[in-house]
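So this one's upload.cif, mmCIF, C-alpha atoms:
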```
data_final
loop_
_atom_site.group_PDB
_atom_site.id
_atom_site.type_symbol
_atom_site.label_atom_id
_atom_site.label_comp_id
_atom_site.auth_asym_id
_atom_site.auth_seq_id
_atom_site.Cartn_x
_atom_site.Cartn_y
_atom_site.Cartn_z
ATOM 1 C CA MET A 14 0.000 0.000 0.000
ATOM 2 C CA ALA A 15 1.205 3.491 -0.783
ATOM 3 C CA GLU A 16 1.925 5.808 2.095
ATOM 4 C CA GLN A 17 -0.618 8.582 2.457
ATOM 5 C CA LYS A 18 1.087 11.959 2.164
ATOM 6 C CA TYR A 19 -1.786 14.118 3.324
ATOM 7 C CA PHE A 20 -4.217 13.790 6.188
ATOM 8 C CA ILE A 21 -6.958 15.821 7.753
ATOM 9 C CA ASP A 22 -5.632 17.759 10.722
ATOM 10 C CA ASP A 23 -8.126 17.284 13.536
ATOM 11 C CA ARG A 24 -6.351 19.626 15.910
ATOM 12 C CA GLY A 25 -8.117 22.891 16.596
ATOM 13 C CA ILE A 26 -6.618 26.320 17.065
ATOM 14 C CA ILE A 27 -7.683 27.789 20.402
ATOM 15 C CA PRO A 28 -8.208 31.555 20.156
ATOM 16 C CA ASP A 29 -6.210 33.787 22.521
ATOM 17 C CA GLU A 30 -9.510 34.994 24.026
ATOM 18 C CA ILE A 31 -10.139 31.475 25.335
ATOM 19 C CA LYS A 32 -6.509 30.745 26.207
ATOM 20 C CA ASN A 33 -6.437 33.811 28.456
ATOM 21 C CA MET A 34 -9.637 32.935 30.380
ATOM 22 C CA SER A 35 -9.454 31.902 34.004
ATOM 23 C CA GLN A 36 -10.896 28.560 35.069
ATOM 24 C CA GLU A 37 -13.934 30.361 36.528
ATOM 25 C CA GLU A 38 -14.512 32.267 33.278
ATOM 26 C CA ILE A 39 -14.315 29.040 31.271
ATOM 27 C CA ILE A 40 -16.829 27.316 33.559
ATOM 28 C CA ALA A 41 -19.191 30.314 33.368
ATOM 29 C CA ARG A 42 -18.921 30.471 29.569
ATOM 30 C CA ILE A 43 -19.600 26.753 29.194
ATOM 31 C CA ALA A 44 -22.637 27.054 31.490
ATOM 32 C CA ALA A 45 -23.962 29.969 29.423
ATOM 33 C CA LEU A 46 -23.500 28.031 26.165
ATOM 34 C CA GLU A 47 -25.206 24.944 27.628
ATOM 35 C CA ALA A 48 -28.139 27.069 28.824
ATOM 36 C CA GLU A 49 -28.439 28.683 25.394
ATOM 37 C CA ALA A 50 -28.370 25.290 23.665
ATOM 38 C CA SER A 51 -30.955 23.907 26.071
ATOM 39 C CA LYS A 52 -33.239 26.887 25.453
ATOM 40 C CA GLU A 53 -32.910 26.506 21.670
ATOM 41 C CA LYS A 54 -33.600 22.775 21.897
ATOM 42 C CA ALA A 55 -36.717 23.385 23.980
ATOM 43 C CA ALA A 56 -37.920 25.961 21.455
ATOM 44 C CA ARG A 57 -37.405 23.518 18.559
ATOM 45 C CA LEU A 58 -39.171 20.722 20.415
ATOM 46 C CA GLY A 59 -42.032 23.072 21.287
ATOM 47 C CA ALA A 60 -42.372 24.128 17.658
ATOM 48 C CA LYS A 61 -42.327 20.479 16.572
ATOM 49 C CA ALA A 62 -45.027 19.615 19.119
ATOM 50 C CA GLU A 63 -47.205 22.482 17.889
ATOM 51 C CA GLU A 64 -46.697 21.361 14.288
ATOM 52 C CA ASP A 65 -47.635 17.777 15.165
ATOM 53 C CA LYS A 66 -50.692 19.006 17.088
ATOM 54 C CA SER A 67 -51.875 21.076 14.106
ATOM 55 C CA ASN A 68 -51.343 18.086 11.793
ATOM 56 C CA GLY A 69 -53.359 15.777 14.020
ATOM 57 C CA ASN A 70 -50.389 13.696 15.246
ATOM 58 C CA SER A 71 -50.471 12.839 18.922
ATOM 59 C CA ASN A 72 -47.020 11.273 19.451
#
```

Representation of the structure as structure tokens:
Amino acid sequence: MAEQKYFIDDRGIIPDEIKNMSQEEIIARIAALEAEASKEKAARLGAKAEEDKSNGNSN
């Protein structure tokens, strides 16, 4: 088999803004992002439930 010259680099570049955060700031930022994601998920699920209700689905 031929050796593969190129590969996808799965390492990410961490911005200086994040590198310079304290542990407390990182924890607070993660909590804020998780809360935002949870809120968006609830909104999508609510919209889906309303759509199903209007279509006569009761799952």

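Our summary of the geometry notes that atom CA of A:Ser67 is positioned 27.1 Å from atom CA of A:Glu49.
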
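The spacing separating atom CA of A:Glu37 from atom CA of A:Ala56 amounts to 28.7 Å.
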
Practice task
Could you check how far atom CA of A:Ile26 sits from atom CA of A:Ile39, in Å to one decimal?
Solution key: 16.4 Å
